[in-house]
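J.: Provided below: run_7.cif, containing mmCIF, C-alpha atoms.
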data_query
loop_
_atom_site.label_atom_id
_atom_site.label_comp_id
_atom_site.auth_asym_id
_atom_site.auth_seq_id
_atom_site.Cartn_x
_atom_site.Cartn_y
_atom_site.Cartn_z
CA MET A 222 -136.27 -173.08 30.23
CA LYS A 223 -135.44 -169.44 29.63
CA ALA A 224 -137.39 -167.12 31.91
CA LEU A 225 -137.85 -163.36 31.97
CA VAL A 226 -138.35 -161.79 35.39
CA THR A 227 -139.68 -158.25 35.72
CA GLY A 228 -138.98 -156.61 39.06
CA ALA A 229 -135.87 -158.79 39.35
CA THR A 230 -133.95 -156.24 41.44
CA GLY A 231 -136.70 -156.15 44.08
CA PHE A 232 -137.32 -158.28 47.16
CA THR A 233 -139.53 -160.98 45.66
CA GLY A 234 -138.04 -160.81 42.17
CA SER A 235 -134.46 -161.34 43.34
CA HIS A 236 -135.44 -164.40 45.38
CA LEU A 237 -137.24 -165.75 42.31
CA VAL A 238 -134.15 -165.21 40.14
CA ARG A 239 -132.01 -167.20 42.58
CA ALA A 240 -134.51 -170.06 42.70
CA LEU A 241 -134.76 -170.24 38.91
CA LEU A 242 -130.97 -170.34 38.60
CA GLN A 243 -130.74 -173.04 41.26
CA GLN A 244 -133.13 -175.15 39.20
CA GLY A 245 -130.90 -174.76 36.15
CA HIS A 246 -133.02 -172.28 34.20
CA GLU A 247 -131.64 -169.43 32.14
CA VAL A 248 -132.76 -166.05 33.47
CA MET A 249 -133.28 -162.71 31.74
CA ALA A 250 -133.97 -159.73 34.00
CA LEU A 251 -135.66 -156.57 32.79
CA VAL A 252 -134.02 -153.70 34.71
CA ARG A 253 -133.86 -149.95 34.42
CA GLU A 254 -130.46 -148.33 33.89
CA SER A 255 -130.96 -146.54 37.21
CA SER A 256 -131.97 -149.67 39.17
CA ASP A 257 -129.98 -150.75 42.22
CA ARG A 258 -128.79 -154.19 41.14
CA THR A 259 -127.20 -155.11 44.48
CA ARG A 260 -129.59 -158.03 44.98
CA LEU A 261 -128.44 -159.56 41.67
CA ALA A 262 -124.72 -159.06 42.28
CA GLY A 263 -122.65 -162.07 41.24
CA LEU A 264 -125.55 -163.96 39.67
CA PRO A 265 -125.27 -165.29 36.10
CA VAL A 266 -128.25 -163.29 34.87
CA GLN A 267 -128.73 -161.72 31.46
CA LEU A 268 -129.84 -158.11 31.73
CA ALA A 269 -132.30 -156.41 29.41
CA TYR A 270 -132.33 -152.68 30.02
CA GLY A 271 -135.57 -150.77 29.87
CA ASP A 272 -138.55 -149.48 31.79
CA ILE A 273 -141.65 -151.62 32.10
CA THR A 274 -143.67 -148.74 30.64
CA ASP A 275 -141.54 -148.81 27.47
CA THR A 276 -143.42 -151.06 25.06
CA ALA A 277 -140.48 -151.64 22.72
CA ALA A 278 -138.08 -152.47 25.54
CA VAL A 279 -140.53 -154.95 27.08
CA LYS A 280 -141.15 -156.72 23.77
CA ALA A 281 -137.43 -156.94 23.08
CA ALA A 282 -136.79 -158.45 26.51
CA ILE A 283 -139.51 -161.07 26.09
CA ALA A 284 -138.45 -162.20 22.61
CA GLY A 285 -137.05 -165.71 22.81
CA VAL A 286 -138.06 -166.61 26.37
CA ASP A 287 -140.25 -169.53 27.40
CA TRP A 288 -141.67 -168.21 30.68
CA VAL A 289 -142.50 -164.71 31.90
CA PHE A 290 -142.71 -163.87 35.60
CA HIS A 291 -144.23 -160.44 36.08
CA THR A 292 -143.43 -159.26 39.62
CA ALA A 293 -142.65 -155.59 38.95
CA ALA A 294 -144.97 -153.08 40.61
CA TYR A 295 -145.07 -149.68 42.27
CA VAL A 296 -146.02 -150.63 45.84
CA GLU A 297 -146.73 -147.83 48.28
CA LEU A 298 -149.42 -146.44 50.57
CA GLY A 299 -149.86 -142.88 51.75
CA ILE A 300 -148.47 -140.07 49.61
CA VAL A 301 -147.96 -141.57 46.15
CA ASP A 302 -147.62 -140.48 42.55
CA ALA A 303 -150.92 -141.97 41.41
CA GLU A 304 -150.28 -141.24 37.73
CA ARG A 305 -146.91 -143.00 37.80
CA MET A 306 -148.44 -145.87 39.76
CA ARG A 307 -151.02 -146.34 37.02
CA ARG A 308 -148.33 -146.30 34.31
CA VAL A 309 -146.29 -148.94 36.11
CA ASN A 310 -149.00 -151.20 37.51
CA VAL A 311 -151.61 -151.01 34.75
CA GLU A 312 -149.86 -149.96 31.55
CA GLY A 313 -146.73 -151.90 32.50
CA THR A 314 -148.81 -155.05 32.91
CA ARG A 315 -150.51 -154.36 29.58
CA ASN A 316 -147.09 -154.10 27.94
CA VAL A 317 -145.92 -157.38 29.46
CA LEU A 318 -149.09 -159.17 28.38
CA GLU A 319 -148.92 -157.85 24.84
CA GLY A 320 -145.23 -158.70 24.58
CA ALA A 321 -145.77 -162.21 25.95
CA ILE A 322 -148.71 -162.86 23.63
CA ALA A 323 -146.76 -161.59 20.60
CA ALA A 324 -143.79 -163.80 21.51
CA ASN A 325 -146.06 -166.82 22.02
CA VAL A 326 -144.46 -167.68 25.36
CA GLN A 327 -145.29 -171.03 26.92
CA LYS A 328 -146.65 -169.53 30.14
CA MET A 329 -146.79 -166.36 32.22
CA LEU A 330 -147.02 -165.92 36.00
CA TYR A 331 -148.51 -162.67 37.29
CA CYS A 332 -147.81 -161.60 40.86
CA SER A 333 -150.97 -159.82 41.99
CA THR A 334 -152.13 -159.06 45.56
CA ILE A 335 -154.94 -160.01 47.95
CA GLY A 336 -155.84 -156.32 47.76
CA ILE A 337 -157.76 -157.00 44.54
CA TYR A 338 -160.52 -158.55 46.68
CA GLY A 339 -161.11 -155.25 48.47
CA ASP A 340 -162.11 -154.93 52.10
CA THR A 341 -163.61 -158.28 53.15
CA GLN A 342 -164.60 -156.70 56.50
CA GLY A 343 -162.98 -159.52 58.44
CA GLN A 344 -164.57 -162.33 56.43
CA ILE A 345 -162.08 -165.05 55.48
CA ILE A 346 -162.35 -165.50 51.73
CA ASP A 347 -160.89 -167.71 49.00
CA GLU A 348 -160.35 -167.30 45.26
CA THR A 349 -164.09 -167.60 44.52
CA PHE A 350 -164.87 -164.37 46.41
CA GLU A 351 -166.47 -161.62 44.36
CA ARG A 352 -165.33 -158.14 45.33
CA ALA A 353 -168.06 -156.34 47.27
CA GLN A 354 -166.35 -153.11 48.33
CA LYS A 355 -167.61 -150.02 46.56
CA GLY A 356 -164.71 -147.88 45.49
CA PHE A 357 -161.07 -148.45 46.43
CA SER A 358 -158.96 -147.85 49.51
CA SER A 359 -155.86 -146.61 47.70
CA ALA A 360 -154.27 -145.90 44.34
CA TYR A 361 -152.35 -149.16 44.78
CA ASP A 362 -155.57 -151.14 45.19
CA VAL A 363 -157.26 -149.67 42.13
CA THR A 364 -154.23 -150.04 39.86
CA LYS A 365 -153.59 -153.65 40.87
CA TYR A 366 -157.30 -154.42 40.43
CA GLU A 367 -157.27 -152.95 36.92
CA ALA A 368 -154.08 -154.83 36.08
CA GLN A 369 -155.71 -158.06 37.25
CA GLN A 370 -158.63 -157.38 34.93
CA LEU A 371 -156.21 -157.17 32.01
CA VAL A 372 -154.61 -160.46 33.02
CA ASP A 373 -157.98 -162.18 33.37
CA GLN A 374 -159.10 -160.86 29.99
CA ALA A 375 -155.97 -162.31 28.40
CA ALA A 376 -156.60 -165.64 30.13
CA SER A 377 -160.20 -165.74 28.93
CA SER A 378 -158.92 -165.23 25.39
CA GLY A 379 -156.75 -168.33 25.71
CA PHE A 380 -153.41 -166.89 26.81
CA PRO A 381 -151.65 -169.23 29.33
CA VAL A 382 -151.28 -167.01 32.37
CA VAL A 383 -151.67 -167.85 36.06
CA SER A 384 -152.14 -165.32 38.87
CA LEU A 385 -150.88 -165.42 42.46
CA MET A 386 -152.36 -163.18 45.15
CA PRO A 387 -149.77 -162.87 47.94
CA SER A 388 -150.60 -161.68 51.42
CA GLY A 389 -147.86 -160.02 53.51
CA ILE A 390 -144.46 -161.13 52.19
CA PHE A 391 -141.78 -161.65 54.86
CA GLY A 392 -138.10 -162.58 54.80
CA ALA A 393 -134.71 -161.73 56.25
CA ASP A 394 -134.18 -158.99 53.65
CA ASP A 395 -137.80 -157.79 53.69
CA PRO A 396 -137.70 -154.02 53.08
CA HIS A 397 -141.06 -153.37 54.75
CA PHE A 398 -141.67 -155.15 58.06
CA GLY A 399 -138.08 -156.40 58.34
CA PRO A 400 -136.65 -153.06 59.51
CA VAL A 401 -139.46 -152.81 62.08
CA LEU A 402 -138.58 -156.20 63.57
CA HIS A 403 -134.89 -155.31 63.50
CA SER A 404 -135.52 -152.12 65.48
CA PHE A 405 -137.72 -154.05 67.89
CA ARG A 406 -135.08 -156.75 68.47
CA GLN A 407 -132.59 -154.01 69.31
CA GLY A 408 -134.98 -152.49 71.83
CA LYS A 409 -135.43 -149.31 69.79
CA LEU A 410 -139.14 -149.69 69.04
CA LYS A 411 -140.98 -148.30 72.03
CA VAL A 412 -144.43 -147.55 70.58
CA TRP A 413 -146.59 -149.03 67.82
CA ALA A 414 -150.02 -148.57 66.29
CA GLY A 415 -152.55 -151.10 65.07
CA GLY A 416 -151.46 -154.09 67.13
CA ASP A 417 -154.80 -155.83 66.48
CA ARG A 418 -154.45 -155.59 62.72
CA VAL A 419 -154.59 -159.04 61.11
CA THR A 420 -151.96 -159.76 58.48
CA GLY A 421 -151.73 -162.74 56.15
CA ILE A 422 -148.17 -164.09 56.11
CA VAL A 423 -146.06 -165.86 53.52
CA HIS A 424 -142.28 -166.26 53.53
CA VAL A 425 -140.73 -164.89 50.35
CA ASP A 426 -139.04 -168.20 49.57
CA ASP A 427 -142.32 -170.06 50.01
CA LEU A 428 -143.97 -167.57 47.67
CA VAL A 429 -141.23 -168.22 45.11
CA GLU A 430 -141.76 -171.97 45.51
CA LEU A 431 -145.44 -171.44 44.73
CA MET A 432 -144.55 -169.37 41.67
CA LEU A 433 -142.47 -172.23 40.31
CA LEU A 434 -145.13 -174.81 41.12
CA ALA A 435 -147.77 -172.66 39.45
CA ILE A 436 -145.90 -172.05 36.23
CA GLU A 437 -145.11 -175.76 35.93
CA LYS A 438 -148.38 -177.32 37.10
CA ALA A 439 -151.27 -174.84 37.31
CA PRO A 440 -153.93 -174.76 34.61
CA PRO A 441 -153.98 -171.47 32.65
CA GLY A 442 -156.32 -168.82 34.03
CA GLN A 443 -156.18 -170.05 37.62
CA HIS A 444 -155.89 -167.79 40.67
CA TYR A 445 -154.05 -168.82 43.84
CA ILE A 446 -153.93 -166.97 47.14
CA ALA A 447 -150.42 -167.15 48.59
CA SER A 448 -150.86 -167.12 52.35
CA ALA A 449 -149.70 -169.60 54.99
CA GLY A 450 -152.05 -168.16 57.61
CA GLU A 451 -152.44 -164.98 59.59
CA MET A 452 -151.39 -163.24 62.78
CA THR A 453 -151.99 -159.90 64.42
CA THR A 454 -149.08 -157.51 64.73
CA HIS A 455 -149.36 -157.91 68.51
CA GLN A 456 -148.87 -161.68 68.15
CA MET A 457 -145.81 -161.13 65.97
CA PHE A 458 -144.28 -158.82 68.55
CA GLN A 459 -145.01 -161.35 71.29
CA ILE A 460 -142.96 -163.99 69.47
CA VAL A 461 -140.05 -161.61 68.93
CA SER A 462 -140.32 -160.33 72.50
CA SER A 463 -140.06 -163.83 73.98
CA GLN A 464 -137.12 -164.81 71.76
CA ALA A 465 -135.16 -161.57 71.95
CA GLY A 466 -135.97 -160.75 75.55
CA VAL A 467 -137.15 -157.23 74.77
CA PRO A 468 -140.32 -155.62 76.17
CA MET A 469 -143.41 -155.25 74.02
CA PRO A 470 -143.92 -151.80 72.44
CA THR A 471 -146.65 -149.63 73.90
CA GLU A 472 -149.82 -149.41 71.82
CA MET A 473 -150.55 -145.82 70.79
CA PRO A 474 -154.16 -144.71 71.43
CA LYS A 475 -156.23 -144.97 68.29
CA PRO A 476 -157.63 -141.40 68.48
CA LEU A 477 -154.07 -140.06 68.74
CA VAL A 478 -152.95 -142.06 65.71
CA ARG A 479 -155.91 -140.80 63.68
CA PHE A 480 -155.14 -137.23 64.73
CA ILE A 481 -151.48 -137.53 63.77
CA GLY A 482 -152.40 -139.06 60.41
CA ALA A 483 -154.85 -136.25 59.67
CA LEU A 484 -152.23 -133.69 60.68
CA LEU A 485 -149.26 -135.11 58.75
CA ASP A 486 -151.13 -136.05 55.58
CA PRO A 487 -151.60 -132.53 54.16
CA ILE A 488 -148.07 -131.57 55.21
CA GLY A 489 -146.68 -134.57 53.33
CA ARG A 490 -148.67 -133.71 50.23
CA LEU A 491 -147.55 -130.09 50.38
CA VAL A 492 -143.83 -130.78 50.64
CA GLY A 493 -143.65 -134.14 48.86
CA TRP A 494 -142.80 -136.09 52.01
CA GLN A 495 -143.96 -139.60 52.98
CA PRO A 496 -145.00 -139.33 56.65
CA PRO A 497 -144.85 -142.43 58.84
CA ILE A 498 -148.57 -142.04 59.47
CA SER A 499 -151.07 -140.69 56.92
CA ARG A 500 -154.83 -140.90 56.42
CA GLU A 501 -154.46 -143.80 54.00
CA ARG A 502 -152.15 -145.74 56.31
CA VAL A 503 -154.49 -145.13 59.24
CA HIS A 504 -157.34 -146.51 57.13
CA TYR A 505 -155.34 -149.69 56.48
CA LEU A 506 -154.47 -150.01 60.17
CA TYR A 507 -157.95 -149.68 61.63
CA ASP A 508 -160.73 -149.63 59.05
CA ARG A 509 -159.86 -152.16 56.35
CA CYS A 510 -159.57 -155.89 57.01
CA VAL A 511 -158.75 -158.40 54.26
CA ARG A 512 -158.57 -162.00 55.46
CA VAL A 513 -157.78 -164.87 53.11
CA ASP A 514 -157.56 -168.65 52.90
CA GLY A 515 -154.57 -170.03 50.98
CA SER A 516 -155.56 -173.70 51.11
CA LYS A 517 -156.29 -173.99 47.37
CA ALA A 518 -152.60 -173.72 46.48
CA MET A 519 -151.70 -176.19 49.24
CA ARG A 520 -154.32 -178.64 48.04
CA ASP A 521 -154.03 -178.35 44.26
CA LEU A 522 -150.31 -177.64 43.83
CA ASP A 523 -148.91 -179.51 46.85
CA TRP A 524 -147.58 -176.26 48.24
CA THR A 525 -146.20 -176.64 51.79
CA PRO A 526 -145.29 -173.21 53.18
CA ARG A 527 -143.83 -172.77 56.65
CA SER A 528 -146.33 -171.60 59.28
CA PRO A 529 -146.73 -167.92 60.18
CA GLU A 530 -145.25 -168.67 63.61
CA ALA A 531 -142.20 -170.31 61.99
CA VAL A 532 -141.75 -167.34 59.67
CA ILE A 533 -141.73 -164.82 62.52
CA ARG A 534 -139.52 -166.99 64.74
CA GLU A 535 -137.02 -167.22 61.90
CA LEU A 536 -136.98 -163.44 61.60
CA ALA A 537 -136.74 -162.96 65.36
CA VAL A 538 -133.28 -164.56 65.54
#
Any chance you could give the structure as structure tokens?
T.:
Amino acid sequence: MKALVTGATGFTGSHLVRALLQQGHEVMALVRESSDRTRLAGLPVQLAYGDITDTAAVKAAIAGVDWVFHTAAYVELGIVDAERMRRVNVEGTRNVLEGAIAANVQKMLYCSTIGIYGDTQGQIIDETFERAQKGFSSAYDVTKYEAQQLVDQAASSGFPVVSLMPSGIFGADDPHFGPVLHSFRQGKLKVWAGGDRVTGIVHVDDLVELMLLAIEKAPPGQHYIASAGEMTTHQMFQIVSSQAGVPMPTEMPKPLVRFIGALLDPIGRLVGWQPPISRERVHYLYDRCVRVDGSKAMRDLDWTPRSPEAVIRELAV
């Protein structure tokens, strides 16, 4: 098969490219001229240059492929360019859908997020859950929700697309929590906030395995939550602490964290700086709790991800 991967230079996308190549597929990657292509270095990948918001470039990249994997997204919390996020996450997804439909591709895989379900207030939910939260917690949440609506509309019209909703994606080259664990292993992380926050966990390579299973086996229109289970941040640190022999970080008092977030947020917006703590990030730490059950993918697609404990132990080495 010939597959197009959007977001191929990113964390998840680059792992997907490698897996596709290992299975003998031909891979086309849609990349911007300015993209850092380090993650694709040395790989026999065809490059199509263009921005996901460029309709013509997207259609040209899709022409002649069998599968489309849409992983590209603007992912960020805190101080964000909401207008750009909408262009990338919503209009970019619209462009990919229209290009894939016009090219009559065999199947498309859309990488969504569990954030589309909104705040479940600690309730563990599956793919049948109907969003109950009024409003949205962030620009990221609203744009991914709207993009998912576009995907579902295309599916209801008969287009063969499947959606995956990943929880927290972890791996050795994880650009988000990976640097935190690295600092902790080195004994440099002395304080932390939100240790009781529950996070769904999936290893990036297990997520990629599910993507391949889904595009080969899943019925069109299906949704699958990609989560192997969940842990609190405190539990993650405990595993790393016991393996690395470093002391646990001190939990910052919640009122202090809220104060710092409220203080730094307007400063960040004024000077165009992303503070380590902002009002939105504080909200995600303490006030919003999305818990999910990924058993449908395990049951229906024979997906066998490694456990959350195994994922963190692997990263703690």
J.: Residues picked by the PyMOL selection byres ((chain A and resi 447-454) around 10) here, as a ChimeraX atom specification?
T.: /A:332-335,385-390,413-424,427-429,431-432,444-446,455-459,512-519,524-530,532-533
J.: Given the file shown, determine the residues that the PyMOL selection byres ((chain A and resi 288-292) around 6) selects; report them as a PyMOL selection string.
T.: chain A and resi 224-228+286-287+293+327-332
J.: Could you state the separation of CA of Gln407 in chain A and CA of Pro496 in chain A in Å, given to one decimal place?
T.: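 Going from CA of Gln407 in chain A over to CA of Pro496 in chain A, I get 23.0 Å.
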J.: Show me the residues around (-136.7, -160.6, 48.1) - criterion: an atom at most 9 Å away, all atoms listed in the file counted - as a ChimeraX atom specification.
T.: /A:229-237,260,390-396,425-426
J.: Can you tell me how far CA of Met249 in chain A sits from CA of Ala269 in chain A, in Å to one decimal?
T.: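 We find that CA of Met249 in chain A and CA of Ala269 in chain A lie 6.8 Å from each other.
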J.: So that I can see what lies close to Pro440 in chain A, please list as a list of chain:residue names the residues with an atom at most 8 Å from it, counting all atoms listed in the file and leaving out residues fewer than 2 positions away in the same chain.
T.: A:Pro381, A:Val383, A:Lys438, A:Gly442, A:Gln443
J.: For the structure just given, write the atoms of range 332-359 of chain A, namely N, CA and C atoms, as an mmCIF file, in the first residue's frame.
T.:
data_model
loop_
_atom_site.group_PDB
_atom_site.id
_atom_site.type_symbol
_atom_site.label_atom_id
_atom_site.label_comp_id
_atom_site.auth_asym_id
_atom_site.auth_seq_id
_atom_site.Cartn_x
_atom_site.Cartn_y
_atom_site.Cartn_z
ATOM 1 N N CYS A 332 -6.342 10.724 13.766
ATOM 2 C CA CYS A 332 -5.858 10.704 15.143
ATOM 3 C C CYS A 332 -6.496 11.856 15.902
ATOM 4 N N SER A 333 -7.464 11.547 16.731
ATOM 5 C CA SER A 333 -8.222 12.537 17.482
ATOM 6 C C SER A 333 -7.632 12.662 18.887
ATOM 7 N N THR A 334 -8.461 12.746 19.907
ATOM 8 C CA THR A 334 -8.017 12.869 21.294
ATOM 9 C C THR A 334 -9.177 12.544 22.221
ATOM 10 N N ILE A 335 -8.865 12.038 23.425
ATOM 11 C CA ILE A 335 -9.940 11.804 24.397
ATOM 12 C C ILE A 335 -10.554 13.120 24.858
ATOM 13 N N GLY A 336 -9.883 14.235 24.543
ATOM 14 C CA GLY A 336 -10.417 15.541 24.922
ATOM 15 C C GLY A 336 -11.746 15.867 24.272
ATOM 16 N N ILE A 337 -12.098 15.175 23.188
ATOM 17 C CA ILE A 337 -13.376 15.463 22.530
ATOM 18 C C ILE A 337 -14.554 15.110 23.433
ATOM 19 N N TYR A 338 -14.330 14.229 24.421
ATOM 20 C CA TYR A 338 -15.414 13.834 25.322
ATOM 21 C C TYR A 338 -15.692 14.884 26.386
ATOM 22 N N GLY A 339 -14.803 15.864 26.520
ATOM 23 C CA GLY A 339 -14.977 16.881 27.539
ATOM 24 C C GLY A 339 -14.651 16.342 28.920
ATOM 25 N N ASP A 340 -14.911 17.150 29.919
ATOM 26 C CA ASP A 340 -14.650 16.772 31.306
ATOM 27 C C ASP A 340 -15.656 15.706 31.734
ATOM 28 N N THR A 341 -15.176 14.496 32.006
ATOM 29 C CA THR A 341 -16.083 13.429 32.451
ATOM 30 C C THR A 341 -16.241 13.431 33.971
ATOM 31 N N GLN A 342 -15.592 14.405 34.631
ATOM 32 C CA GLN A 342 -15.701 14.589 36.087
ATOM 33 C C GLN A 342 -15.347 13.310 36.850
ATOM 34 N N GLY A 343 -14.343 12.622 36.347
ATOM 35 C CA GLY A 343 -13.863 11.424 37.027
ATOM 36 C C GLY A 343 -14.570 10.147 36.632
ATOM 37 N N GLN A 344 -15.652 10.244 35.870
ATOM 38 C CA GLN A 344 -16.350 9.043 35.412
ATOM 39 C C GLN A 344 -15.534 8.366 34.312
ATOM 40 N N ILE A 345 -15.360 7.053 34.415
ATOM 41 C CA ILE A 345 -14.655 6.306 33.378
ATOM 42 C C ILE A 345 -15.631 6.022 32.250
ATOM 43 N N ILE A 346 -15.286 6.477 31.053
ATOM 44 C CA ILE A 346 -16.231 6.398 29.931
ATOM 45 C C ILE A 346 -15.629 5.616 28.763
ATOM 46 N N ASP A 347 -16.505 5.161 27.855
ATOM 47 C CA ASP A 347 -16.049 4.496 26.643
ATOM 48 C C ASP A 347 -16.543 5.273 25.426
ATOM 49 N N GLU A 348 -16.435 4.679 24.255
ATOM 50 C CA GLU A 348 -16.752 5.375 23.013
ATOM 51 C C GLU A 348 -18.227 5.731 22.868
ATOM 52 N N THR A 349 -19.092 5.164 23.694
ATOM 53 C CA THR A 349 -20.527 5.458 23.600
ATOM 54 C C THR A 349 -20.905 6.720 24.377
ATOM 55 N N PHE A 350 -19.960 7.278 25.116
ATOM 56 C CA PHE A 350 -20.244 8.436 25.972
ATOM 57 C C PHE A 350 -20.643 9.650 25.138
ATOM 58 N N GLU A 351 -21.684 10.323 25.570
ATOM 59 C CA GLU A 351 -22.108 11.558 24.914
ATOM 60 C C GLU A 351 -21.646 12.748 25.742
ATOM 61 N N ARG A 352 -20.929 13.636 25.104
ATOM 62 C CA ARG A 352 -20.320 14.775 25.784
ATOM 63 C C ARG A 352 -21.359 15.567 26.567
ATOM 64 N N ALA A 353 -21.060 15.786 27.864
ATOM 65 C CA ALA A 353 -22.007 16.484 28.733
ATOM 66 C C ALA A 353 -21.511 17.868 29.148
ATOM 67 N N GLN A 354 -20.221 18.116 29.038
ATOM 68 C CA GLN A 354 -19.668 19.404 29.463
ATOM 69 C C GLN A 354 -20.225 20.536 28.619
ATOM 70 N N LYS A 355 -20.636 21.589 29.287
ATOM 71 C CA LYS A 355 -21.089 22.789 28.587
ATOM 72 C C LYS A 355 -19.874 23.674 28.335
ATOM 73 N N GLY A 356 -19.667 24.039 27.105
ATOM 74 C CA GLY A 356 -18.489 24.837 26.793
ATOM 75 C C GLY A 356 -17.257 23.962 26.670
ATOM 76 N N PHE A 357 -16.088 24.596 26.557
ATOM 77 C CA PHE A 357 -14.843 23.880 26.343
ATOM 78 C C PHE A 357 -13.765 24.415 27.278
ATOM 79 N N SER A 358 -12.809 23.545 27.589
ATOM 80 C CA SER A 358 -11.756 23.894 28.536
ATOM 81 C C SER A 358 -10.593 24.633 27.889
ATOM 82 N N SER A 359 -10.477 24.544 26.574
ATOM 83 C CA SER A 359 -9.332 25.149 25.897
ATOM 84 C C SER A 359 -9.615 25.279 24.412
#
